[in-house]
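Next comes input19.cif, a file with mmCIF, C-alpha atoms.
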data_my_file
loop_
_atom_site.label_atom_id
_atom_site.label_comp_id
_atom_site.auth_asym_id
_atom_site.auth_seq_id
_atom_site.Cartn_x
_atom_site.Cartn_y
_atom_site.Cartn_z
CA MET U 855 -7.15 18.65 10.50
CA ALA U 856 -10.73 18.82 9.24
CA SER U 857 -13.63 19.17 11.66
CA ILE U 858 -14.55 15.57 12.37
CA ARG U 859 -17.37 14.44 14.66
CA PHE U 860 -17.01 10.89 15.86
CA ILE U 861 -20.45 9.33 16.11
CA SER U 862 -19.54 5.85 17.36
CA THR U 863 -16.75 3.31 17.70
CA SER U 864 -17.26 -0.44 17.67
CA CYS U 865 -15.33 -3.66 17.92
CA ILE U 866 -16.28 -5.96 15.04
CA LYS U 867 -15.65 -9.66 15.51
CA PRO U 868 -15.83 -12.42 12.88
CA GLN U 869 -19.29 -13.93 12.38
CA PRO U 870 -19.02 -17.35 14.09
CA SER U 871 -21.21 -19.39 11.74
CA ILE U 872 -19.30 -18.15 8.70
CA CYS U 873 -16.01 -18.99 10.42
CA GLU U 874 -17.13 -22.57 10.91
CA ASP U 875 -18.27 -22.89 7.29
CA ASN U 876 -15.21 -21.30 5.65
CA ASN U 877 -12.24 -22.21 7.79
CA HIS U 878 -11.87 -25.97 7.80
CA ASP U 879 -8.09 -25.41 7.88
CA PHE U 880 -8.17 -22.76 10.60
CA SER U 881 -4.68 -21.79 11.86
CA PRO U 882 -4.65 -20.46 15.44
CA THR U 883 -1.27 -18.81 14.83
CA ILE U 884 0.49 -17.69 11.64
CA ASP U 885 4.25 -17.22 11.43
CA LEU U 886 5.60 -13.93 10.13
CA THR U 887 8.12 -14.20 7.28
CA PRO U 888 11.13 -11.93 6.59
CA CYS U 889 8.94 -9.88 4.20
CA ASP U 890 6.52 -9.32 7.10
CA LEU U 891 9.02 -8.81 9.92
CA GLN U 892 11.13 -6.18 8.17
CA LEU U 893 8.12 -3.86 8.46
CA LEU U 894 7.77 -3.99 12.26
CA HIS U 895 8.99 -0.40 12.58
CA ALA U 896 7.11 0.91 9.54
CA ASP U 897 3.66 2.49 9.36
CA GLN U 898 0.54 0.58 8.53
CA ILE U 899 -1.10 0.48 5.07
CA GLN U 900 -3.73 3.21 4.75
CA LYS U 901 -5.93 3.47 1.67
CA GLY U 902 -9.43 4.80 1.25
CA LEU U 903 -12.16 5.35 -1.32
CA LEU U 904 -14.42 8.35 -1.93
CA PHE U 905 -18.02 7.67 -2.98
CA ARG U 906 -21.00 9.79 -3.88
CA LYS U 907 -23.51 9.82 -1.01
CA PRO U 908 -26.12 7.06 -1.44
CA ARG U 909 -29.50 8.08 -2.79
CA LEU U 910 -32.59 8.00 -0.60
CA HIS U 911 -33.77 4.67 -2.05
CA ASN U 912 -30.49 3.06 -0.97
CA PRO U 913 -29.24 5.02 2.05
CA LEU U 914 -26.02 4.45 3.93
CA ARG U 915 -26.63 1.82 6.59
CA ILE U 916 -23.81 1.80 9.12
CA GLU U 917 -25.13 -1.25 10.95
CA GLN U 918 -25.26 -3.19 7.69
CA LEU U 919 -21.61 -2.30 6.98
CA LYS U 920 -20.71 -3.68 10.40
CA VAL U 921 -22.54 -6.91 9.63
CA THR U 922 -20.82 -7.35 6.27
CA LEU U 923 -17.45 -6.51 7.82
CA SER U 924 -18.07 -9.23 10.40
CA ARG U 925 -18.82 -11.69 7.60
CA THR U 926 -15.67 -10.63 5.76
CA LEU U 927 -13.56 -11.04 8.88
CA ALA U 928 -14.78 -14.61 9.14
CA ILE U 929 -13.00 -15.21 5.82
CA PHE U 930 -9.99 -12.97 6.56
CA TYR U 931 -9.81 -14.09 10.18
CA PRO U 932 -6.14 -13.10 10.77
CA LEU U 933 -7.23 -9.45 10.54
CA ALA U 934 -9.39 -9.96 13.64
CA GLY U 935 -6.37 -11.11 15.65
CA ARG U 936 -3.34 -9.47 17.23
CA LEU U 937 0.39 -9.77 16.94
CA ILE U 938 2.05 -11.77 19.66
CA MET U 939 5.72 -11.88 20.67
CA THR U 940 7.19 -14.92 22.39
CA GLN U 941 10.61 -15.07 24.02
CA ASN U 942 12.95 -17.90 23.09
CA ASN U 943 15.75 -19.46 25.15
CA ASP U 944 18.56 -18.03 23.00
CA LYS U 945 18.07 -14.31 23.80
CA THR U 946 15.75 -13.91 20.85
CA ALA U 947 12.04 -13.45 20.31
CA SER U 948 9.59 -14.48 17.60
CA PHE U 949 6.45 -12.82 16.26
CA PHE U 950 3.19 -14.46 15.19
CA ILE U 951 -0.33 -13.50 14.26
CA ASN U 952 -2.54 -14.72 17.07
CA CYS U 953 -5.87 -15.49 15.38
CA ASN U 954 -7.87 -15.01 18.56
CA GLY U 955 -10.85 -13.22 16.99
CA GLU U 956 -10.43 -10.23 19.28
CA GLY U 957 -11.87 -8.02 16.56
CA ALA U 958 -11.33 -5.03 14.30
CA HIS U 959 -11.93 -1.34 15.06
CA PHE U 960 -14.86 0.38 13.32
CA VAL U 961 -15.41 4.14 13.47
CA HIS U 962 -18.42 6.11 12.21
CA ALA U 963 -17.70 9.81 11.75
CA VAL U 964 -19.09 12.94 10.10
CA ALA U 965 -17.02 15.66 8.38
CA ASP U 966 -19.13 18.77 8.87
CA GLY U 967 -19.13 21.11 5.88
CA ILE U 968 -16.78 18.98 3.75
CA LYS U 969 -17.90 18.19 0.20
CA VAL U 970 -16.59 15.77 -2.44
CA ASN U 971 -15.18 18.65 -4.49
CA ASP U 972 -13.15 19.83 -1.51
CA ILE U 973 -11.07 16.70 -2.11
CA LEU U 974 -11.26 16.38 -5.90
CA GLU U 975 -10.73 19.99 -7.05
CA PRO U 976 -7.54 21.26 -5.31
CA ILE U 977 -4.35 20.76 -7.33
CA ILE U 978 -2.41 20.19 -4.10
CA SER U 979 -4.09 17.45 -2.11
CA PRO U 980 -5.88 18.71 1.04
CA ASP U 981 -4.02 16.34 3.34
CA ASN U 982 -5.41 18.01 6.46
CA ILE U 983 -8.84 16.81 5.34
CA VAL U 984 -7.98 13.42 3.84
CA TYR U 985 -5.76 12.27 6.70
CA SER U 986 -8.58 12.85 9.17
CA PHE U 987 -10.58 10.16 7.33
CA PHE U 988 -8.20 7.41 8.48
CA PRO U 989 -8.12 5.62 11.84
CA MET U 990 -5.02 4.74 13.87
CA ASN U 991 -2.74 7.38 12.34
CA GLY U 992 0.84 7.15 13.59
CA VAL U 993 0.52 3.63 15.05
CA LEU U 994 3.54 1.60 13.93
CA ASN U 995 3.17 -2.05 12.98
CA TYR U 996 4.89 -3.53 16.02
CA LYS U 997 2.15 -2.01 18.16
CA GLY U 998 -0.19 -4.60 16.70
CA ILE U 999 0.56 -6.50 19.89
CA SER U 1000 -1.85 -4.21 21.71
CA ASN U 1001 -3.82 -2.67 18.84
CA PRO U 1002 -6.21 -4.06 16.21
CA LEU U 1003 -4.66 -5.30 12.98
CA LEU U 1004 -7.54 -3.71 11.05
CA ALA U 1005 -9.31 -0.41 11.59
CA VAL U 1006 -12.02 1.08 9.37
CA GLN U 1007 -13.44 4.60 9.43
CA VAL U 1008 -16.62 5.46 7.54
CA THR U 1009 -16.86 9.25 7.27
CA GLU U 1010 -19.99 11.00 5.99
CA LEU U 1011 -19.38 14.14 3.95
CA VAL U 1012 -22.08 16.61 2.91
CA ASP U 1013 -22.48 14.82 -0.42
CA GLY U 1014 -20.20 11.81 -0.14
CA ILE U 1015 -18.83 8.89 1.84
CA PHE U 1016 -15.19 8.10 2.50
CA ILE U 1017 -14.20 4.61 3.64
CA GLY U 1018 -10.69 4.70 5.06
CA CYS U 1019 -8.98 1.43 5.91
CA THR U 1020 -5.84 0.89 8.01
CA ILE U 1021 -4.23 -2.58 8.02
CA ASN U 1022 -1.11 -3.63 9.88
CA HIS U 1023 1.60 -3.90 7.21
CA CYS U 1024 3.23 -6.91 8.92
CA VAL U 1025 0.05 -8.84 8.13
CA ALA U 1026 -0.75 -7.74 4.57
CA ASP U 1027 0.80 -6.14 1.51
CA GLY U 1028 -1.07 -4.15 -1.14
CA THR U 1029 -2.34 -7.24 -2.94
CA SER U 1030 -3.75 -8.66 0.30
CA PHE U 1031 -5.16 -5.24 1.28
CA TRP U 1032 -7.24 -4.94 -1.88
CA HIS U 1033 -8.18 -8.63 -1.75
CA PHE U 1034 -9.82 -7.90 1.60
CA PHE U 1035 -11.40 -4.63 0.40
CA ASN U 1036 -12.76 -6.25 -2.78
CA THR U 1037 -14.30 -9.09 -0.79
CA TRP U 1038 -15.91 -6.76 1.76
CA SER U 1039 -17.46 -4.58 -0.95
CA GLU U 1040 -18.80 -7.64 -2.79
CA ILE U 1041 -20.42 -9.01 0.36
CA SER U 1042 -21.82 -5.55 1.15
CA ARG U 1043 -23.60 -5.14 -2.17
CA GLY U 1044 -25.39 -8.44 -1.55
CA ASN U 1045 -23.99 -10.69 -4.23
CA GLY U 1046 -25.71 -13.82 -2.89
CA ASP U 1047 -24.27 -15.93 -0.09
CA GLY U 1048 -20.97 -16.67 -1.80
CA VAL U 1049 -18.19 -14.43 -3.07
CA SER U 1050 -16.25 -14.59 -6.31
CA GLU U 1051 -12.98 -13.66 -4.61
CA ALA U 1052 -10.76 -16.58 -3.58
CA SER U 1053 -10.29 -17.24 0.13
CA PRO U 1054 -6.97 -15.98 1.53
CA PHE U 1055 -4.11 -18.46 1.14
CA LEU U 1056 -2.28 -18.64 4.48
CA ASP U 1057 0.15 -21.50 3.88
CA ARG U 1058 3.84 -20.73 4.48
CA HIS U 1059 5.23 -24.04 3.16
CA TYR U 1060 6.88 -22.30 0.21
CA LEU U 1061 9.64 -21.46 2.69
CA ASP U 1062 10.28 -25.09 3.61
CA GLY U 1063 13.92 -25.94 3.07
CA VAL U 1064 14.83 -22.27 2.69
CA ILE U 1065 14.43 -20.87 6.21
CA ASN U 1066 13.03 -22.16 9.47
CA LEU U 1067 9.94 -20.62 11.00
CA PRO U 1068 9.47 -19.02 13.42
CA ILE U 1069 12.32 -16.59 12.84
CA HIS U 1070 14.40 -15.67 15.89
CA LEU U 1071 15.03 -11.94 16.22
CA PRO U 1072 17.76 -10.74 18.64
CA PHE U 1073 16.50 -8.96 21.75
CA SER U 1074 18.77 -6.02 20.91
CA LEU U 1075 16.96 -5.50 17.59
CA ILE U 1076 13.53 -5.69 19.22
CA LYS U 1077 14.56 -3.27 21.95
CA GLY U 1078 15.77 -0.87 19.26
CA ILE U 1079 12.37 -1.03 17.57
CA SER U 1080 10.44 -0.16 20.73
CA LEU U 1081 12.81 2.67 21.76
CA ALA U 1082 13.23 4.28 18.33
CA GLU U 1083 11.50 7.61 17.89
CA ARG U 1084 9.65 8.71 14.79
CA VAL U 1085 11.88 10.89 12.62
CA SER U 1086 10.40 14.31 11.90
CA THR U 1087 10.11 15.24 8.23
CA PRO U 1088 10.20 18.65 6.54
CA PRO U 1089 6.93 20.10 5.23
CA LEU U 1090 5.62 17.97 2.39
CA GLN U 1091 2.76 18.26 -0.06
CA GLN U 1092 0.98 15.82 -2.32
CA ARG U 1093 -0.37 16.06 -5.82
CA VAL U 1094 -2.11 13.43 -7.89
CA PHE U 1095 -0.71 13.30 -11.42
CA HIS U 1096 -3.20 11.77 -13.85
CA PHE U 1097 -1.73 10.18 -16.99
CA PRO U 1098 -4.24 9.29 -19.74
CA LYS U 1099 -3.98 6.06 -21.69
CA GLU U 1100 -2.83 7.77 -24.90
CA LYS U 1101 0.09 9.62 -23.25
CA ILE U 1102 1.23 6.44 -21.47
CA ALA U 1103 1.22 4.56 -24.78
CA GLN U 1104 3.38 7.26 -26.37
CA LEU U 1105 5.94 7.07 -23.54
CA LYS U 1106 6.07 3.27 -23.82
CA VAL U 1107 6.51 3.27 -27.61
CA LYS U 1108 9.26 5.89 -27.40
CA ALA U 1109 11.17 4.02 -24.68
CA ASN U 1110 11.06 0.67 -26.49
CA SER U 1111 11.89 2.23 -29.86
CA GLU U 1112 14.90 4.15 -28.56
CA ILE U 1113 16.32 1.12 -26.70
CA GLY U 1114 15.47 -1.33 -29.48
CA THR U 1115 13.34 -3.70 -27.41
CA ASN U 1116 9.72 -4.55 -26.69
CA LYS U 1117 10.21 -5.44 -23.03
CA ILE U 1118 9.67 -2.05 -21.35
CA SER U 1119 6.20 -1.89 -19.81
CA SER U 1120 3.87 1.09 -19.60
CA LEU U 1121 4.51 1.41 -15.87
CA GLN U 1122 8.29 1.27 -16.30
CA ALA U 1123 8.17 3.99 -18.96
CA LEU U 1124 5.98 6.11 -16.70
CA MET U 1125 8.15 5.65 -13.60
CA ALA U 1126 11.25 6.59 -15.59
CA HIS U 1127 9.47 9.69 -16.92
CA LEU U 1128 8.68 10.73 -13.34
CA TRP U 1129 12.21 9.95 -12.12
CA VAL U 1130 13.75 12.29 -14.69
CA SER U 1131 11.24 15.08 -14.09
CA ILE U 1132 11.53 14.96 -10.30
CA THR U 1133 15.33 14.81 -10.45
CA ARG U 1134 15.35 17.81 -12.79
CA SER U 1135 12.97 19.67 -10.49
CA ARG U 1136 15.08 18.96 -7.40
CA HIS U 1137 18.01 20.89 -8.95
CA LEU U 1138 20.61 18.39 -7.77
CA LYS U 1139 24.33 18.56 -8.47
CA PRO U 1140 25.42 16.28 -11.35
CA ASN U 1141 27.49 14.01 -9.08
CA GLU U 1142 24.74 13.47 -6.49
CA GLU U 1143 23.46 9.90 -6.29
CA VAL U 1144 19.79 9.26 -7.05
CA HIS U 1145 17.87 6.10 -6.23
CA TYR U 1146 14.55 4.68 -7.41
CA GLY U 1147 13.04 1.88 -5.34
CA ILE U 1148 10.41 -0.28 -7.01
CA VAL U 1149 8.19 -2.53 -4.91
CA VAL U 1150 8.31 -5.83 -6.81
CA GLY U 1151 5.70 -8.52 -6.27
CA LEU U 1152 7.04 -11.99 -5.58
CA ARG U 1153 3.94 -14.16 -5.97
CA GLN U 1154 4.75 -15.04 -9.58
CA ARG U 1155 8.53 -15.09 -9.05
CA THR U 1156 8.76 -18.01 -6.64
CA LYS U 1157 8.93 -21.58 -7.92
CA PRO U 1158 6.28 -22.84 -7.81
CA PRO U 1159 4.47 -19.49 -7.90
CA LEU U 1160 2.31 -18.41 -4.99
CA PRO U 1161 -1.41 -17.89 -5.67
CA ASP U 1162 -2.60 -14.31 -6.02
CA SER U 1163 -4.67 -14.96 -2.89
CA TYR U 1164 -1.55 -15.50 -0.75
CA PHE U 1165 -2.26 -13.41 2.35
CA GLY U 1166 0.75 -11.64 3.79
CA ASN U 1167 3.71 -9.74 2.37
CA ALA U 1168 5.23 -11.11 -0.81
CA VAL U 1169 7.20 -8.09 -2.04
CA LEU U 1170 10.70 -6.69 -1.96
CA ILE U 1171 12.20 -3.37 -3.03
CA ALA U 1172 14.43 -3.48 -6.11
CA MET U 1173 16.73 -0.45 -6.26
CA VAL U 1174 17.90 1.35 -9.40
CA LYS U 1175 20.83 3.75 -8.92
CA SER U 1176 22.41 6.53 -10.95
CA THR U 1177 23.73 10.03 -10.54
CA ALA U 1178 21.62 13.07 -11.26
CA GLY U 1179 23.92 14.05 -14.12
CA GLU U 1180 23.87 10.64 -15.79
CA LEU U 1181 20.09 10.28 -15.41
CA LEU U 1182 19.36 13.67 -16.95
CA ARG U 1183 21.92 13.16 -19.73
CA ARG U 1184 20.72 9.68 -20.72
CA GLY U 1185 17.03 10.44 -20.26
CA PRO U 1186 13.85 8.50 -19.44
CA CYS U 1187 14.21 5.80 -22.10
CA TRP U 1188 17.57 4.70 -20.67
CA ALA U 1189 16.10 4.93 -17.13
CA ALA U 1190 13.15 2.73 -18.13
CA TRP U 1191 15.55 0.10 -19.49
CA GLN U 1192 17.53 0.11 -16.23
CA MET U 1193 14.29 -0.41 -14.34
CA ASN U 1194 13.27 -3.24 -16.63
CA LYS U 1195 16.58 -5.06 -16.16
CA THR U 1196 16.50 -4.57 -12.39
CA ILE U 1197 12.97 -5.95 -12.08
CA ALA U 1198 13.77 -8.90 -14.40
CA SER U 1199 16.75 -9.80 -12.20
CA GLN U 1200 14.46 -10.57 -9.25
CA THR U 1201 14.48 -14.32 -9.88
CA ASN U 1202 13.38 -17.12 -7.57
CA GLU U 1203 17.03 -17.73 -6.65
CA LYS U 1204 17.57 -14.07 -5.76
CA VAL U 1205 14.36 -13.97 -3.73
CA MET U 1206 15.29 -17.06 -1.73
CA LYS U 1207 18.78 -15.68 -1.11
CA PHE U 1208 17.24 -12.47 0.23
CA LEU U 1209 15.05 -14.48 2.62
CA GLU U 1210 18.03 -16.54 3.81
CA ASP U 1211 20.32 -13.52 4.24
CA TRP U 1212 17.67 -11.52 6.07
CA THR U 1213 17.06 -14.36 8.52
CA LYS U 1214 20.79 -14.43 9.35
CA ALA U 1215 21.08 -10.63 9.72
CA PRO U 1216 17.61 -9.07 10.22
CA GLN U 1217 17.11 -5.41 9.35
CA MET U 1218 14.08 -3.20 9.79
CA GLU U 1219 12.71 -0.73 7.26
CA LYS U 1220 12.52 2.80 8.70
CA VAL U 1221 11.48 5.91 6.81
CA GLY U 1222 14.09 8.04 8.60
CA ALA U 1223 16.92 5.73 7.51
CA LEU U 1224 16.20 5.94 3.78
CA PRO U 1225 18.89 7.36 1.48
CA SER U 1226 18.56 10.92 0.26
CA ASN U 1227 17.29 11.71 -3.25
CA LEU U 1228 15.17 8.58 -3.16
CA LEU U 1229 11.92 7.78 -4.92
CA ILE U 1230 9.91 4.67 -4.09
CA THR U 1231 6.87 3.50 -6.00
CA GLY U 1232 4.44 1.36 -4.07
CA SER U 1233 1.00 -0.06 -4.88
CA SER U 1234 0.03 -1.10 -8.43
CA PRO U 1235 -2.17 0.03 -11.32
CA ARG U 1236 -3.39 -3.57 -11.52
CA PHE U 1237 -5.26 -3.46 -8.20
CA ASP U 1238 -9.04 -3.52 -8.51
CA VAL U 1239 -9.70 -0.15 -6.91
CA TYR U 1240 -12.71 1.07 -8.87
CA GLY U 1241 -14.56 -2.24 -8.72
CA ASN U 1242 -15.34 -1.67 -5.03
CA ASP U 1243 -19.08 -1.08 -5.05
CA PHE U 1244 -20.70 -1.35 -1.61
CA GLY U 1245 -24.17 -1.03 -3.08
CA TRP U 1246 -24.27 2.68 -3.84
CA GLY U 1247 -22.02 2.86 -6.92
CA LYS U 1248 -18.34 2.82 -7.72
CA PRO U 1249 -15.87 5.23 -6.08
CA PHE U 1250 -14.80 8.57 -7.54
CA THR U 1251 -11.21 8.35 -6.42
CA VAL U 1252 -8.72 6.68 -4.11
CA ARG U 1253 -6.44 8.34 -1.57
CA SER U 1254 -3.84 7.11 0.90
CA GLY U 1255 -3.36 8.07 4.54
CA PRO U 1256 -0.32 9.59 6.26
CA GLY U 1257 1.47 6.29 6.85
CA ASN U 1258 4.94 5.79 5.35
CA LYS U 1259 5.03 9.21 3.70
CA PHE U 1260 8.35 10.90 2.95
CA ASP U 1261 9.88 13.19 0.34
CA GLY U 1262 9.83 10.87 -2.65
CA LYS U 1263 6.97 8.46 -1.97
CA LEU U 1264 5.06 7.80 -5.21
CA THR U 1265 1.90 5.76 -4.80
CA VAL U 1266 0.51 4.39 -8.06
CA PHE U 1267 -3.16 3.59 -8.66
CA PRO U 1268 -5.25 2.77 -11.70
CA GLY U 1269 -7.00 5.85 -13.02
CA ALA U 1270 -10.77 6.15 -13.09
CA GLU U 1271 -10.73 5.89 -16.93
CA GLU U 1272 -9.70 2.54 -18.37
CA GLY U 1273 -5.98 2.39 -19.15
CA SER U 1274 -5.12 5.58 -17.29
CA ILE U 1275 -2.75 5.68 -14.30
CA ASP U 1276 -2.58 8.02 -11.31
CA PHE U 1277 0.51 8.78 -9.26
CA GLU U 1278 0.01 10.27 -5.81
CA ALA U 1279 3.33 12.09 -5.38
CA CYS U 1280 4.55 13.14 -1.92
CA LEU U 1281 7.30 15.72 -2.43
CA SER U 1282 8.61 19.01 -1.13
CA PRO U 1283 6.56 22.09 -2.08
CA GLU U 1284 9.58 23.41 -4.03
CA THR U 1285 9.81 20.25 -6.14
CA LEU U 1286 6.09 20.23 -6.91
CA ARG U 1287 6.22 23.90 -7.96
CA ALA U 1288 9.16 23.19 -10.27
CA MET U 1289 7.34 20.23 -11.82
CA ALA U 1290 4.32 22.42 -12.50
CA GLU U 1291 6.64 24.69 -14.51
CA ASP U 1292 8.20 21.77 -16.41
CA GLU U 1293 6.40 22.03 -19.76
CA GLU U 1294 7.79 18.73 -21.05
CA PHE U 1295 6.41 16.85 -18.04
CA MET U 1296 3.08 18.68 -17.83
CA ALA U 1297 2.38 17.94 -21.49
CA THR U 1298 2.06 14.24 -20.62
CA LEU U 1299 -0.75 14.80 -18.10
CA ALA U 1300 -4.47 14.83 -18.77
CA SER U 1301 -5.61 18.29 -19.80
#
Could I get this structure in the form of structure tokens?
Amino acid sequence: MASIRFISTSCIKPQPSICEDNNHDFSPTIDLTPCDLQLLHADQIQKGLLFRKPRLHNPLRIEQLKVTLSRTLAIFYPLAGRLIMTQNNDKTASFFINCNGEGAHFVHAVADGIKVNDILEPIISPDNIVYSFFPMNGVLNYKGISNPLLAVQVTELVDGIFIGCTINHCVADGTSFWHFFNTWSEISRGNGDGVSEASPFLDRHYLDGVINLPIHLPFSLIKGISLAERVSTPPLQQRVFHFPKEKIAQLKVKANSEIGTNKISSLQALMAHLWVSITRSRHLKPNEEVHYGIVVGLRQRTKPPLPDSYFGNAVLIAMVKSTAGELLRRGPCWAAWQMNKTIASQTNEKVMKFLEDWTKAPQMEKVGALPSNLLITGSSPRFDVYGNDFGWGKPFTVRSGPGNKFDGKLTVFPGAEEGSIDFEACLSPETLRAMAEDEEFMATLAS
């Protein structure tokens, strides 16, 4: 880990007057849905932004960041609460968000001797440095009963600032995470009294007639969550692959042309390109199964659709399967088409069936229980990452923390240049070395 000096820690509570003005429909408790509950044994969401150090005329003001965070928490008041578990009379328990305003965790730290280029220049990500910029590492979601649902760490580098944010994944998905981050940055740069971002939508009535809330989880399942140990992983490394707009367009045109369609998206073409390259670099046997999990957003798939401001988890993982031999023989255009069909099949009816089935037989997502030869793409290139200006300019780059990392985790972000896309790939050192020697793959990256 990097040499980090912790200057102060604070508990930030929602600003009361703002709470009264914004929350006419305040909910003291919020039910967790199947999309939320399946993540009880998973890690929290951890994303952070790297900024150039503010100039002397607009210096970093830690106390001001605390004030604006307090104002933001008055809008996103569930993040200032805690999880609560209640026992039912049928040998089950239910989980809620208790919106008690207990507060979020705020850390001010200094990374002595660390510069912006120490993060940007290495080909292999310096995880020992980056991970130290995040609070609450290793705290699983179910521990939100006794831990904050939001923790922020502001770390001063020699010539930069890193704002690392950890949010309990049972409370928010990626869309909700960046909704909060975007709102906080807008309030921080002093854009008047109001904000352009919509208030979080907390209503759960879209589940009426589908499942009953609160959901009853068997005691045996809950006991298994609390007793389960974290599975150790082999040594992993990360590299950020930067794909420029022009190369992405070429991959998309080729995939659609070869299949004879216009439905394959840029992201689908890019994910398929990565799937083939990583499978080739893993040197698998032809008959070995390979899987690609795609985190699919549900907000626009339900009927009626949920607003983008829906706060919570509204995603599921759609799985594409093949064998290593078939994937390498058929190639990335075929793989992109399989992805497209799989994503398109996630209809409202299929989503509601998933929610019903999960309620009858709950299962928890655990990194150690994932199938081998798996890739999963989370996050989205549509998130407004580079619009987060706290008053001292836009960020240089985005990085994720150690949560939910395994051999095959691919986190996608928009690139800093318009139309470009970055993939933060967590893989074995052997796979990353083989990819670096794959001329066909490397030719698609920014030079």
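Considering the residues U:Lys1248, U:Lys1139, U:Lys1108, U:Lys945 and counting only C-alpha atoms, Thr1177 of chain U has its shortest atom-to-atom contact with U:Lys1139.
If you look at atom CA of Gly1018 of chain U and atom CA of Leu903 of chain U, they are 6.6 Å away from each other.
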What are the nearest atom pairs, with distances in Å to one decimal, for all residues of segment 938-1032 of chain U that come at most 12 Å from segment 1251-1269 of chain U, using all atoms listed in the file, set out by chain and rising residue number as JSON lines?
{"residue": "U:Val970", "atom": "CA", "partner": "U:Thr1251", "partner_atom": "CA", "distance": 10.0}
{"residue": "U:Asn971", "atom": "CA", "partner": "U:Thr1251", "partner_atom": "CA", "distance": 11.2}
{"residue": "U:Ile973", "atom": "CA", "partner": "U:Thr1251", "partner_atom": "CA", "distance": 9.4}
{"residue": "U:Leu974", "atom": "CA", "partner": "U:Thr1251", "partner_atom": "CA", "distance": 8.0}
{"residue": "U:Glu975", "atom": "CA", "partner": "U:Thr1251", "partner_atom": "CA", "distance": 11.7}
{"residue": "U:Ser979", "atom": "CA", "partner": "U:Arg1253", "partner_atom": "CA", "distance": 9.4}
{"residue": "U:Pro980", "atom": "CA", "partner": "U:Arg1253", "partner_atom": "CA", "distance": 10.7}
{"residue": "U:Asp981", "atom": "CA", "partner": "U:Pro1256", "partner_atom": "CA", "distance": 8.2}
{"residue": "U:Asn982", "atom": "CA", "partner": "U:Pro1256", "partner_atom": "CA", "distance": 9.8}
{"residue": "U:Ile983", "atom": "CA", "partner": "U:Gly1255", "partner_atom": "CA", "distance": 10.3}
{"residue": "U:Val984", "atom": "CA", "partner": "U:Gly1255", "partner_atom": "CA", "distance": 7.1}
{"residue": "U:Tyr985", "atom": "CA", "partner": "U:Gly1255", "partner_atom": "CA", "distance": 5.3}
{"residue": "U:Ser986", "atom": "CA", "partner": "U:Gly1255", "partner_atom": "CA", "distance": 8.5}
{"residue": "U:Phe987", "atom": "CA", "partner": "U:Gly1255", "partner_atom": "CA", "distance": 8.0}
{"residue": "U:Phe988", "atom": "CA", "partner": "U:Gly1255", "partner_atom": "CA", "distance": 6.3}
{"residue": "U:Pro989", "atom": "CA", "partner": "U:Gly1255", "partner_atom": "CA", "distance": 9.1}
{"residue": "U:Met990", "atom": "CA", "partner": "U:Gly1257", "partner_atom": "CA", "distance": 9.7}
{"residue": "U:Asn991", "atom": "CA", "partner": "U:Pro1256", "partner_atom": "CA", "distance": 6.9}
{"residue": "U:Gly992", "atom": "CA", "partner": "U:Gly1257", "partner_atom": "CA", "distance": 6.8}
{"residue": "U:Val993", "atom": "CA", "partner": "U:Gly1257", "partner_atom": "CA", "distance": 8.7}
{"residue": "U:Leu994", "atom": "CA", "partner": "U:Gly1257", "partner_atom": "CA", "distance": 8.7}
{"residue": "U:Asn995", "atom": "CA", "partner": "U:Gly1257", "partner_atom": "CA", "distance": 10.5}
{"residue": "U:Gln1007", "atom": "CA", "partner": "U:Gly1255", "partner_atom": "CA", "distance": 11.7}
{"residue": "U:Gly1014", "atom": "CA", "partner": "U:Thr1251", "partner_atom": "CA", "distance": 11.5}
{"residue": "U:Ile1015", "atom": "CA", "partner": "U:Thr1251", "partner_atom": "CA", "distance": 11.3}
{"residue": "U:Phe1016", "atom": "CA", "partner": "U:Val1252", "partner_atom": "CA", "distance": 9.4}
{"residue": "U:Ile1017", "atom": "CA", "partner": "U:Val1252", "partner_atom": "CA", "distance": 9.7}
{"residue": "U:Gly1018", "atom": "CA", "partner": "U:Gly1255", "partner_atom": "CA", "distance": 8.1}
{"residue": "U:Cys1019", "atom": "CA", "partner": "U:Gly1255", "partner_atom": "CA", "distance": 8.8}
{"residue": "U:Thr1020", "atom": "CA", "partner": "U:Gly1255", "partner_atom": "CA", "distance": 8.4}
{"residue": "U:Ile1021", "atom": "CA", "partner": "U:Gly1257", "partner_atom": "CA", "distance": 10.6}
{"residue": "U:Asn1022", "atom": "CA", "partner": "U:Gly1257", "partner_atom": "CA", "distance": 10.7}
{"residue": "U:His1023", "atom": "CA", "partner": "U:Gly1257", "partner_atom": "CA", "distance": 10.2}
{"residue": "U:Gly1028", "atom": "CA", "partner": "U:Thr1265", "partner_atom": "CA", "distance": 11.0}
{"residue": "U:Trp1032", "atom": "CA", "partner": "U:Phe1267", "partner_atom": "CA", "distance": 11.6}
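Here atom CA of Thr1029 of chain U and atom CA of Phe1237 of chain U stand 7.1 Å from one another.
With atom CA of Ala1215 of chain U on one side and atom CA of Ser948 of chain U on the other, the separation reads 14.5 Å.
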Q: Just the residues within 9 Å of Ile978 of chain U, please, counting all atoms listed in the file, with nothing from its chain fewer than 4 positions along; format it as a ChimeraX atom specification.
A: /U:1091-1094,1286
Q. When the PyMOL selection byres ((chain U and resi 939) around 12) is applied to the file above, which residues end up in the set, as an MDAnalysis selection string?
A. chainID U and resid 883:886 891 894 936:938 940:942 946:952 996:1000 1068:1071 1073 1076
